[in-house]
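Visitor: See structure.txt below, with compact mmCIF, C-alpha atoms.
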# COMPACT_ATOMS: atom_id res chain seq x y z
CA THR P 616 27.95 46.14 17.62
CA THR P 617 29.16 48.43 14.83
CA PHE P 618 26.64 47.11 12.32
CA PRO P 619 23.55 46.24 14.40
CA PHE P 620 21.39 45.35 11.38
CA THR P 621 23.87 42.92 9.85
CA SER P 622 23.45 39.23 10.62
CA SER P 623 22.90 35.90 8.93
CA ASP P 624 20.20 36.64 6.37
CA LEU P 625 18.75 35.62 3.03
CA THR P 626 18.88 38.82 1.01
CA ASP P 627 19.99 38.51 -2.60
CA ASP P 628 20.49 40.98 -5.43
CA HIS P 629 18.04 39.02 -7.56
CA GLY P 630 14.77 37.25 -6.85
CA ILE P 631 11.47 38.07 -5.21
CA LEU P 632 10.43 39.27 -1.76
CA TYR P 633 9.20 36.45 0.47
CA GLY P 634 8.79 38.45 3.66
CA VAL P 635 10.50 40.00 6.66
CA ASN P 636 13.38 38.34 8.49
CA MET P 637 12.16 38.28 12.09
CA ASN P 638 15.74 37.81 13.34
CA ASN P 639 17.00 41.18 12.11
CA SER P 640 13.99 42.97 10.52
CA GLY P 641 15.67 42.66 7.13
CA LEU P 642 13.99 41.54 3.93
CA VAL P 643 14.08 37.96 2.66
CA ILE P 644 14.69 38.44 -1.08
CA PHE P 645 15.62 35.29 -2.90
CA ASP P 646 15.77 33.57 -6.30
CA ARG P 647 14.95 29.90 -5.84
CA PHE P 648 16.43 29.11 -9.27
CA SER P 649 19.86 30.23 -8.02
CA LEU P 650 20.05 27.17 -5.77
CA GLU P 651 21.11 23.65 -6.69
CA ASN P 652 17.57 23.16 -7.98
CA GLY P 653 14.43 25.29 -8.09
CA ASN P 654 12.25 22.89 -6.11
CA ALA P 655 10.51 23.80 -2.86
CA VAL P 656 8.35 22.10 -0.26
CA VAL P 657 5.80 23.87 1.96
CA PHE P 658 4.48 22.17 5.10
CA ALA P 659 1.82 23.66 7.38
CA LYS P 660 -1.35 22.72 9.22
CA SER P 661 -4.68 23.90 7.88
CA GLY P 662 -5.17 27.66 8.31
CA ALA P 663 -1.48 28.46 8.87
CA GLY P 664 -1.17 30.41 5.61
CA LYS P 665 0.54 27.94 3.27
CA SER P 666 -1.72 28.59 0.26
CA PHE P 667 -1.46 32.36 0.80
CA THR P 668 2.35 32.08 0.91
CA VAL P 669 2.52 30.00 -2.26
CA LYS P 670 0.09 32.25 -4.14
CA LEU P 671 2.09 35.31 -3.15
CA GLU P 672 5.27 33.71 -4.47
CA ALA P 673 3.50 32.75 -7.72
CA LEU P 674 2.14 36.27 -8.20
CA ARG P 675 5.55 37.89 -7.69
CA SER P 676 7.32 35.27 -9.83
CA MET P 677 5.01 36.11 -12.73
CA MET P 678 6.33 39.68 -12.55
CA MET P 679 9.79 38.21 -13.18
CA GLY P 680 8.59 36.46 -16.34
CA ILE P 681 8.21 32.99 -14.83
CA GLU P 682 5.26 30.91 -16.06
CA ILE P 683 3.10 29.19 -13.43
CA PHE P 684 1.29 25.84 -13.50
CA ILE P 685 -0.94 24.93 -10.54
CA ILE P 686 -2.77 21.74 -9.60
CA ASP P 687 -5.61 22.98 -7.38
CA PRO P 688 -7.61 20.34 -5.46
CA GLU P 689 -9.74 22.76 -3.42
CA ASN P 690 -10.55 25.70 -5.74
CA GLU P 691 -8.20 28.05 -3.86
CA TYR P 692 -6.46 29.58 -6.89
CA GLN P 693 -9.37 30.63 -9.13
CA ARG P 694 -9.61 34.25 -7.91
CA MET P 695 -5.90 34.82 -8.46
CA ALA P 696 -5.94 33.18 -11.90
CA GLU P 697 -8.87 35.31 -13.05
CA ALA P 698 -7.30 38.48 -11.60
CA VAL P 699 -4.13 38.09 -13.68
CA GLY P 700 -5.86 36.82 -16.82
CA GLY P 701 -4.70 33.24 -16.31
CA ALA P 702 -6.28 30.10 -17.74
CA TYR P 703 -8.55 28.16 -15.39
CA VAL P 704 -9.07 24.54 -16.46
CA LYS P 705 -11.78 22.68 -14.58
CA LEU P 706 -11.56 18.88 -14.66
CA SER P 707 -14.64 16.86 -13.79
CA LEU P 708 -16.69 14.07 -15.31
CA GLY P 709 -19.18 16.65 -16.57
CA SER P 710 -16.70 19.21 -17.92
CA PRO P 711 -15.86 19.39 -21.65
CA THR P 712 -12.09 19.42 -20.98
CA ARG P 713 -10.22 16.34 -22.20
CA ILE P 714 -6.58 15.33 -21.65
CA ASN P 715 -5.23 12.26 -23.44
CA PRO P 716 -2.38 10.60 -21.49
CA PHE P 717 -1.17 8.98 -24.74
CA ASP P 718 -0.09 12.37 -26.16
CA LEU P 719 3.63 12.61 -26.97
CA PRO P 720 5.76 15.74 -26.40
CA GLN P 721 6.76 17.58 -29.55
CA VAL P 722 10.44 17.99 -28.68
CA ILE P 723 13.17 19.46 -30.87
CA ASP P 724 16.17 17.93 -29.10
CA THR P 725 17.28 14.83 -31.07
CA GLU P 726 18.05 12.69 -28.04
CA GLU P 727 14.75 13.60 -26.38
CA ALA P 728 12.84 12.88 -29.60
CA ASP P 729 14.43 9.44 -29.95
CA ASN P 730 13.34 8.53 -26.41
CA ALA P 731 9.94 10.26 -26.42
CA LEU P 732 7.87 7.14 -27.04
CA ARG P 733 9.85 4.95 -24.66
CA SER P 734 9.62 7.61 -21.93
CA ASN P 735 5.86 7.93 -22.36
CA LEU P 736 5.43 4.15 -22.28
CA ILE P 737 7.14 4.07 -18.88
CA THR P 738 4.86 6.87 -17.67
CA LEU P 739 1.79 5.05 -18.97
CA HIS P 740 2.80 1.87 -17.14
CA GLY P 741 2.73 3.79 -13.86
CA LEU P 742 -0.55 5.50 -14.72
CA LEU P 743 -2.30 2.28 -15.74
CA ARG P 744 -1.16 0.50 -12.59
CA LEU P 745 -2.69 3.38 -10.64
CA MET P 746 -5.94 3.17 -12.64
CA MET P 747 -6.14 -0.57 -12.04
CA GLY P 748 -5.80 -0.22 -8.28
CA GLY P 749 -2.24 0.94 -7.65
CA ALA P 750 -0.12 -0.36 -4.79
CA GLN P 751 -0.91 1.89 -1.83
CA ILE P 752 2.00 2.94 0.33
CA GLN P 753 1.85 2.16 4.03
CA MET P 754 2.52 5.57 5.51
CA GLN P 755 3.46 4.30 8.94
CA GLY P 756 6.42 2.05 9.61
CA SER P 757 9.09 1.45 7.03
CA GLY P 758 7.23 2.84 4.03
CA GLY P 759 6.58 -0.57 2.46
CA VAL P 760 3.78 -1.25 -0.01
CA VAL P 761 0.73 -3.45 -0.31
CA ALA P 762 0.56 -6.15 -3.01
CA PRO P 763 1.46 -4.75 -6.46
CA ALA P 764 -1.36 -3.83 -8.83
CA LEU P 765 -0.10 -6.09 -11.64
CA SER P 766 1.73 -9.42 -11.73
CA PRO P 767 4.91 -9.78 -13.85
CA VAL P 768 2.92 -11.60 -16.56
CA GLU P 769 0.30 -8.84 -16.62
CA GLU P 770 3.07 -6.22 -16.81
CA ALA P 771 4.57 -7.97 -19.85
CA ASP P 772 1.19 -8.27 -21.58
CA LEU P 773 0.39 -4.62 -20.87
CA ASP P 774 3.75 -3.53 -22.31
CA ALA P 775 3.12 -5.50 -25.51
CA ALA P 776 -0.39 -4.05 -25.78
CA LEU P 777 0.87 -0.46 -25.37
CA ILE P 778 3.49 -0.88 -28.10
CA GLU P 779 0.91 -2.47 -30.43
CA THR P 780 -1.64 0.26 -29.70
CA TYR P 781 0.82 2.98 -30.71
CA ALA P 782 1.87 0.94 -33.77
CA ARG P 783 -1.76 0.69 -34.91
CA ALA P 784 -1.87 4.49 -34.79
CA GLY P 785 1.25 4.59 -36.97
CA ILE P 786 3.59 5.63 -34.14
CA THR P 787 6.92 3.89 -33.59
CA ASN P 788 10.29 4.83 -32.08
CA ASP P 789 10.99 6.85 -35.24
CA PRO P 790 10.48 10.53 -34.24
CA LEU P 791 9.07 11.25 -37.72
CA THR P 792 5.98 9.20 -36.79
CA HIS P 793 5.28 11.15 -33.60
CA MET P 794 3.23 13.79 -35.41
CA SER P 795 0.51 11.21 -36.09
CA PRO P 796 -2.67 11.48 -33.96
CA PRO P 797 -1.99 9.47 -30.78
CA PRO P 798 -4.20 6.57 -29.68
CA THR P 799 -6.42 6.70 -26.58
CA ILE P 800 -7.24 4.40 -23.67
CA ILE P 801 -10.18 3.12 -25.74
CA ASP P 802 -7.69 1.91 -28.37
CA LEU P 803 -5.64 0.21 -25.64
CA TYR P 804 -8.81 -1.41 -24.28
CA ASP P 805 -9.57 -2.81 -27.75
CA THR P 806 -6.01 -4.14 -28.13
CA LEU P 807 -6.10 -5.86 -24.74
CA LEU P 808 -9.56 -7.32 -25.36
CA HIS P 809 -8.46 -9.10 -28.54
CA MET P 810 -5.00 -10.30 -27.50
CA GLY P 811 -4.07 -13.52 -25.73
CA GLY P 812 -2.77 -14.12 -22.23
CA THR P 813 -4.06 -11.78 -19.52
CA GLY P 814 -5.15 -9.13 -22.03
CA PRO P 815 -8.94 -9.65 -21.69
CA GLN P 816 -8.71 -9.54 -17.86
CA LEU P 817 -6.69 -6.30 -18.03
CA ALA P 818 -9.24 -4.86 -20.46
CA GLN P 819 -12.03 -5.49 -17.96
CA ARG P 820 -10.10 -3.65 -15.27
CA LEU P 821 -9.88 -0.63 -17.60
CA ARG P 822 -13.49 -0.77 -18.69
CA LYS P 823 -14.82 1.83 -16.26
CA TYR P 824 -12.45 4.39 -17.87
CA THR P 825 -13.51 3.57 -21.45
CA ASN P 826 -17.26 3.04 -21.39
CA GLY P 827 -18.08 2.90 -17.69
CA THR P 828 -18.56 5.40 -14.86
CA PHE P 829 -15.29 7.32 -15.50
CA ALA P 830 -15.50 7.31 -19.31
CA GLY P 831 -14.75 10.42 -21.34
CA ILE P 832 -12.46 12.66 -19.35
CA PHE P 833 -9.22 10.73 -20.02
CA SER P 834 -10.30 8.41 -22.85
CA GLN P 835 -10.69 10.91 -25.69
CA PRO P 836 -8.26 13.11 -27.69
CA SER P 837 -7.00 16.19 -25.87
CA ASN P 838 -8.90 19.40 -26.59
CA ILE P 839 -6.72 21.90 -24.70
CA ASP P 840 -3.67 23.74 -25.96
CA ILE P 841 -2.85 26.35 -23.37
CA ASP P 842 -0.45 29.23 -23.93
CA ASN P 843 -0.79 31.41 -20.83
CA PRO P 844 1.64 32.64 -18.14
CA MET P 845 -0.61 31.11 -15.43
CA VAL P 846 -2.61 27.90 -15.81
CA VAL P 847 -4.67 26.42 -12.96
CA PHE P 848 -6.00 22.86 -13.19
CA ASN P 849 -8.92 22.49 -10.79
CA ILE P 850 -9.74 18.91 -9.70
CA ARG P 851 -12.06 19.69 -6.77
CA ASP P 852 -15.16 18.20 -8.40
CA LEU P 853 -13.53 14.89 -9.29
CA GLU P 854 -14.40 11.81 -7.27
CA ASP P 855 -11.82 10.81 -4.64
CA GLU P 856 -10.86 7.70 -6.63
CA LEU P 857 -10.13 9.80 -9.72
CA ARG P 858 -8.08 12.52 -8.01
CA PRO P 859 -4.69 10.71 -7.92
CA VAL P 860 -5.24 9.59 -11.53
CA ALA P 861 -6.10 13.14 -12.61
CA MET P 862 -3.09 14.61 -10.79
CA TYR P 863 -0.83 12.05 -12.47
CA ILE P 864 -2.22 12.81 -15.95
CA VAL P 865 -2.05 16.58 -15.44
CA LEU P 866 1.55 16.27 -14.20
CA ASN P 867 2.43 14.31 -17.32
CA TYR P 868 0.69 16.91 -19.53
CA ILE P 869 2.67 19.71 -17.88
CA TRP P 870 5.88 17.69 -18.08
CA ASN P 871 5.41 17.11 -21.83
CA LYS P 872 4.78 20.83 -22.36
CA THR P 873 7.88 21.65 -20.31
CA LYS P 874 10.02 19.39 -22.46
CA SER P 875 8.50 20.69 -25.71
CA ASP P 876 8.91 24.39 -24.93
CA GLN P 877 11.61 25.09 -22.37
CA LYS P 878 11.04 28.28 -20.38
CA LYS P 879 11.53 29.19 -16.72
CA ARG P 880 8.44 27.77 -15.02
CA MET P 881 7.03 26.86 -11.61
CA LEU P 882 4.75 23.91 -11.00
CA ILE P 883 2.67 24.07 -7.79
CA VAL P 884 1.22 20.77 -6.56
CA ASP P 885 -1.18 21.43 -3.70
CA GLU P 886 -2.22 18.62 -1.33
CA ALA P 887 0.58 16.46 -2.74
CA TRP P 888 -0.04 13.78 -0.10
CA GLN P 889 -2.75 12.44 -2.43
CA LEU P 890 0.02 11.43 -4.84
CA MET P 891 2.26 10.10 -2.08
CA LYS P 892 -0.35 7.48 -1.11
CA TYR P 893 0.42 5.37 -4.18
CA GLU P 894 3.77 3.92 -5.17
CA ASP P 895 3.54 4.74 -8.89
CA SER P 896 2.35 8.34 -8.50
CA ALA P 897 4.91 8.93 -5.73
CA ASN P 898 7.68 7.58 -7.97
CA PHE P 899 6.51 9.77 -10.86
CA MET P 900 6.46 12.85 -8.64
CA PHE P 901 9.99 12.11 -7.44
CA SER P 902 11.17 11.55 -11.02
CA LEU P 903 9.90 15.01 -11.99
CA ALA P 904 11.52 16.63 -8.96
CA LYS P 905 14.83 14.98 -9.80
CA ARG P 906 14.84 16.02 -13.47
CA ALA P 907 13.09 19.40 -13.26
CA ARG P 908 16.21 21.58 -13.16
CA LYS P 909 17.33 20.37 -16.60
CA TYR P 910 14.17 21.94 -18.06
CA ASN P 911 14.16 25.21 -16.03
CA LEU P 912 11.27 23.93 -13.93
CA GLY P 913 10.87 24.51 -10.20
CA ILE P 914 8.35 22.26 -8.43
CA THR P 915 6.54 23.44 -5.29
CA THR P 916 5.13 20.57 -3.25
CA ILE P 917 2.54 21.53 -0.62
CA SER P 918 1.10 19.31 2.09
CA GLN P 919 -0.65 19.64 5.44
CA ASP P 920 -0.38 15.90 6.18
CA VAL P 921 3.27 15.95 7.19
CA GLU P 922 3.32 12.55 8.88
CA ASP P 923 1.81 10.84 5.83
CA PHE P 924 4.09 12.68 3.41
CA MET P 925 7.27 12.07 5.38
CA GLY P 926 6.23 8.50 6.13
CA SER P 927 6.73 7.75 2.45
CA ARG P 928 10.21 6.92 1.20
CA MET P 929 9.53 8.97 -1.93
CA GLY P 930 8.17 11.84 0.17
CA ARG P 931 11.45 12.10 2.04
CA ALA P 932 13.33 11.83 -1.26
CA ILE P 933 11.33 14.76 -2.69
CA VAL P 934 12.22 16.86 0.36
CA SER P 935 15.89 15.96 -0.13
CA ASN P 936 15.63 17.09 -3.77
CA SER P 937 14.11 20.46 -2.83
CA SER P 938 16.64 23.19 -2.13
CA MET P 939 14.04 25.47 -0.54
CA GLN P 940 11.65 24.60 2.30
CA ILE P 941 9.03 26.65 4.13
CA LEU P 942 7.70 25.35 7.44
CA LEU P 943 4.72 27.24 8.87
CA LYS P 944 2.73 26.37 12.01
CA GLN P 945 2.55 22.62 12.65
CA SER P 946 0.63 20.22 14.85
CA PRO P 947 2.67 18.84 17.80
CA SER P 948 3.00 15.40 16.20
CA ALA P 949 4.28 16.92 12.94
CA VAL P 950 6.84 19.03 14.79
CA ASP P 951 8.67 15.92 16.00
CA VAL P 952 8.81 14.49 12.47
CA LEU P 953 10.08 17.74 10.94
CA GLY P 954 12.51 18.29 13.81
CA ASP P 955 14.27 15.03 12.94
CA VAL P 956 14.31 15.73 9.19
CA PHE P 957 15.50 19.35 9.36
CA LYS P 958 17.66 19.03 12.50
CA LEU P 959 15.74 21.75 14.31
CA THR P 960 16.80 23.02 17.73
CA SER P 961 14.45 22.63 20.68
CA GLU P 962 13.64 26.36 20.46
CA GLU P 963 12.79 26.10 16.76
CA LYS P 964 10.56 23.09 17.39
CA ASN P 965 8.81 24.98 20.16
CA ARG P 966 8.23 27.98 17.86
CA LEU P 967 7.02 25.75 15.02
CA SER P 968 3.93 24.70 16.98
CA GLN P 969 3.16 28.25 18.13
CA PHE P 970 3.78 30.44 15.07
CA PRO P 971 0.95 32.88 14.24
CA VAL P 972 -0.56 32.75 10.75
CA GLY P 973 1.99 33.71 8.09
CA GLN P 974 5.10 33.11 10.19
CA GLY P 975 7.48 30.18 9.90
CA LEU P 976 10.95 28.92 9.10
CA PHE P 977 12.36 29.65 5.64
CA PHE P 978 15.14 27.31 4.46
CA ALA P 979 17.29 28.03 1.41
CA GLY P 980 20.24 25.72 0.92
CA GLN P 981 22.17 25.57 4.18
CA SER P 982 20.65 28.75 5.64
CA HIS P 983 17.35 29.30 7.38
CA VAL P 984 15.61 32.20 9.09
CA HIS P 985 12.41 32.99 10.98
CA ILE P 986 10.19 34.74 8.42
CA GLN P 987 6.97 36.77 8.42
CA VAL P 988 5.27 36.55 5.02
CA ALA P 989 4.35 40.08 3.96
CA ALA P 990 1.89 41.11 1.23
CA SER P 991 0.58 44.48 0.09
CA GLU P 992 -3.14 45.23 0.28
CA THR P 993 -3.44 44.89 -3.50
CA GLU P 994 -1.75 41.49 -3.45
CA THR P 995 -3.92 40.38 -0.55
CA ARG P 996 -7.06 41.31 -2.49
CA LEU P 997 -5.95 39.09 -5.37
CA ILE P 998 -4.96 36.00 -3.43
CA THR P 999 -6.86 35.75 -0.14
CA THR P 1000 -9.69 33.23 0.20
CA ASN P 1001 -10.61 34.38 3.70
CA PRO P 1002 -14.22 35.71 3.48
CA GLU P 1003 -13.81 37.99 6.50
CA GLN P 1004 -10.62 39.50 5.09
CA ILE P 1005 -12.27 40.09 1.71
CA ARG P 1006 -15.30 41.70 3.36
CA SER P 1007 -13.10 43.90 5.56
CA MET P 1008 -11.06 45.13 2.57
CA GLU P 1009 -14.22 45.83 0.56
CA GLN P 1010 -15.62 47.90 3.43
CA SER P 1011 -12.34 49.79 3.68
CA LYS P 1012 -12.44 50.42 -0.07
CA ASP P 1013 -15.97 51.81 0.15
CA ILE P 1014 -14.97 54.15 2.99
CA ASN P 1015 -11.94 55.43 1.00
CA ILE P 1016 -14.11 56.05 -2.06
CA GLU P 1017 -16.61 58.04 -0.01
Take the structure I supplied and represent it as structure tokens, if you would.
Guide:
Amino acid sequence: TTFPFTSSDLTDDHGILYGVNMNNSGLVIFDRFSLENGNAVVFAKSGAGKSFTVKLEALRSMMMGIEIFIIDPENEYQRMAEAVGGAYVKLSLGSPTRINPFDLPQVIDTEEADNALRSNLITLHGLLRLMMGGAQIQMQGSGGVVAPALSPVEEADLDAALIETYARAGITNDPLTHMSPPPTIIDLYDTLLHMGGTGPQLAQRLRKYTNGTFAGIFSQPSNIDIDNPMVVFNIRDLEDELRPVAMYIVLNYIWNKTKSDQKKRMLIVDEAWQLMKYEDSANFMFSLAKRARKYNLGITTISQDVEDFMGSRMGRAIVSNSSMQILLKQSPSAVDVLGDVFKLTSEEKNRLSQFPVGQGLFFAGQSHVHIQVAASETETRLITTNPEQIRSMEQSKDINIE
């Protein structure tokens, strides 16, 4: 009664403004890196404002000196990237951009350097299983998987071929050899083709990536070296079959850069359910979420397919390893799933299906509030993709000028 504007809130001395606390009209100012980890998940149905919310956070985080990486599957981040002078990398079969998954991180830390090759070999195993028809996760039920992509014998032959392919390029476990030009998938294809056992059969399964339909984009030396506070990787024009592979390779590229040059960074993975469909990409995503804090990295995972995401064992694990969650308007079926995961009250579940655009529940650690995301007109101009909103603001600008 004495202090009518004081209540449970999420206002901190440091951090960025996320919006208005609808419980007490206070401001939600928070530093996600002050939590146990800097990871976040954002769930919302299409049109609820999830991309707007994430772009607003990215824009304000840049003002605090945080670098931003974004995997953009629907070309929603180009306007913002261009407005702030960011780098916009378009990945498609016809684009000149090339990323070689065999690249090794140039790390300074002795322990990291000693394990760099072994770590990348493990990552490549997961990637190659995905490229050869990765085990797809059954989203309903217990989260089991379909038959594995490779048999134990094929796994062993692939491991031997990877080690030999690096050795042919002069790269061994000795960190001093890691400055040599790395091999490519074409080199691995050649190694498999001329070895015994299941090597030739594995080579044929990789053929479409070396000299077939998908050749070029991931089978040649990397030609990008980005040093920019905001980098957007656009994968909209990639075929559906290539999207999970591309997301995996881009994640690994970002991860290697994070380990090589440690700064405070955010990685935004939009439509992350595409990674959750496959066991190997889901495991890789979880591995990054679990280890990100060590490298000053905060991962933002965004999805509108809540049931599919939460139906995956790794999806639930990623949520558990994210200290911040934002839940915007949901479909009725998704509300029940999220209600069980986040222990929502009946009133909160009722609100979750009826929130207007830009309103939702903001979780940080053990606290959560009802939030209204708030942006200035200038910020809205930079980040909105709503044609009507853009047209309305342009008309308003013309009137003000006159």
Visitor: To one decimal place in Å, what is the distance between CA of Lys905 (chain P) and CA of Asp628 (chain P)?
Guide: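 So the two atoms, CA of Lys905 (chain P) and CA of Asp628 (chain P), lie 27.0 Å apart.
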Visitor: Near Ala784 (chain P), within 12 Å and counting all atoms listed in the file, which residues show up once chain neighbours fewer than 6 positions away are dropped, as a PDB file with C-alpha atoms, in the coordinates of the input?
Guide:
ATOM      1  CA  PHE P 717      -1.170   8.980 -24.740  1.00  0.00           C
ATOM      2  CA  ASP P 718      -0.090  12.370 -26.160  1.00  0.00           C
ATOM      3  CA  LEU P 777       0.870  -0.460 -25.370  1.00  0.00           C
ATOM      4  CA  ILE P 778       3.490  -0.880 -28.100  1.00  0.00           C
ATOM      5  CA  THR P 792       5.980   9.200 -36.790  1.00  0.00           C
ATOM      6  CA  HIS P 793       5.280  11.150 -33.600  1.00  0.00           C
ATOM      7  CA  MET P 794       3.230  13.790 -35.410  1.00  0.00           C
ATOM      8  CA  SER P 795       0.510  11.210 -36.090  1.00  0.00           C
ATOM      9  CA  PRO P 796      -2.670  11.480 -33.960  1.00  0.00           C
ATOM     10  CA  PRO P 797      -1.990   9.470 -30.780  1.00  0.00           C
ATOM     11  CA  PRO P 798      -4.200   6.570 -29.680  1.00  0.00           C
ATOM     12  CA  THR P 799      -6.420   6.700 -26.580  1.00  0.00           C
ATOM     13  CA  ASP P 802      -7.690   1.910 -28.370  1.00  0.00           C
ATOM     14  CA  LEU P 803      -5.640   0.210 -25.640  1.00  0.00           C
ATOM     15  CA  THR P 806      -6.010  -4.140 -28.130  1.00  0.00           C
TER      16      THR P 806
END
Visitor: Between P:Tyr781, P:Leu674, P:Gly630, P:Arg880, which is the closest to Leu650 (chain P) once you count only C-alpha atoms?
Guide: P:Gly630
Visitor: Could you pull the residues within 12 Å of Ala698 (chain P), counting only C-alpha atoms, minus those fewer than 2 positions along the same chain, as number ranges by chain?
Guide: P: 674, 692-696, 700-703, 845, 993-999
Visitor: Separation of CA of Ser710 (chain P) and CA of Lys874 (chain P), in Å?
Guide: 27.1 Å
Visitor: Please compute the CA of Lys665 (chain P)-CA of Leu942 (chain P) distance, one decimal, in Å.
Guide: 8.7 Å
Visitor: Got a sec: who's within 10 Å of Asn788 (chain P), counting only C-alpha atoms, leaving out chain neighbours fewer than 6 positions off, as a ChimeraX atom specification?
Guide: /P:728-733,778,781-782
Visitor: Using only C-alpha atoms, can you tell me which of P:Leu791, P:Leu903, P:Ile737, P:Leu959 comes closest to Ala932 (chain P)?
Guide: P:Leu903
Visitor: Which residue out of P:Gly785, P:Glu691, P:Val704, P:Phe970 has the minimum interatomic distance to Asn843 (chain P) when all atoms listed in the file are used?
Guide: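 Of all the options, P:Val704 lies closest to Asn843 (chain P).
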Visitor: Could you pull the residues within 8 Å of region 651-663 of chain P, counting only C-alpha atoms, minus those fewer than 4 positions along the same chain, as an NGL selection string?
Guide: :P and (647 or 904 or 907-908 or 911-921 or 934 or 936-946 or 971-973 or 980)
Visitor: Between P:Ile714, P:Val669, P:Ile631, P:Ile800, which residue has the minimum interatomic distance to Asn838 (chain P), considering only C-alpha atoms?
Guide: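 Of P:Ile714, P:Val669, P:Ile631, P:Ile800, the one nearest Asn838 (chain P), counting only C-alpha atoms, is P:Ile714.
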Visitor: Would you pick out the contacts of Asp687 (chain P) at 9 Å or less, using all atoms listed in the file, so that residues sharing its chain but fewer than 4 positions from it are not included, and give the list as a VMD selection string?
Guide: chain P and resid 691 to 693 847 to 851 883 to 886
Visitor: Which one of P:Leu890, P:Ile801, P:Met679, P:Ala764 sits closest to Gly827 (chain P) if you count only C-alpha atoms?
Guide: P:Ile801
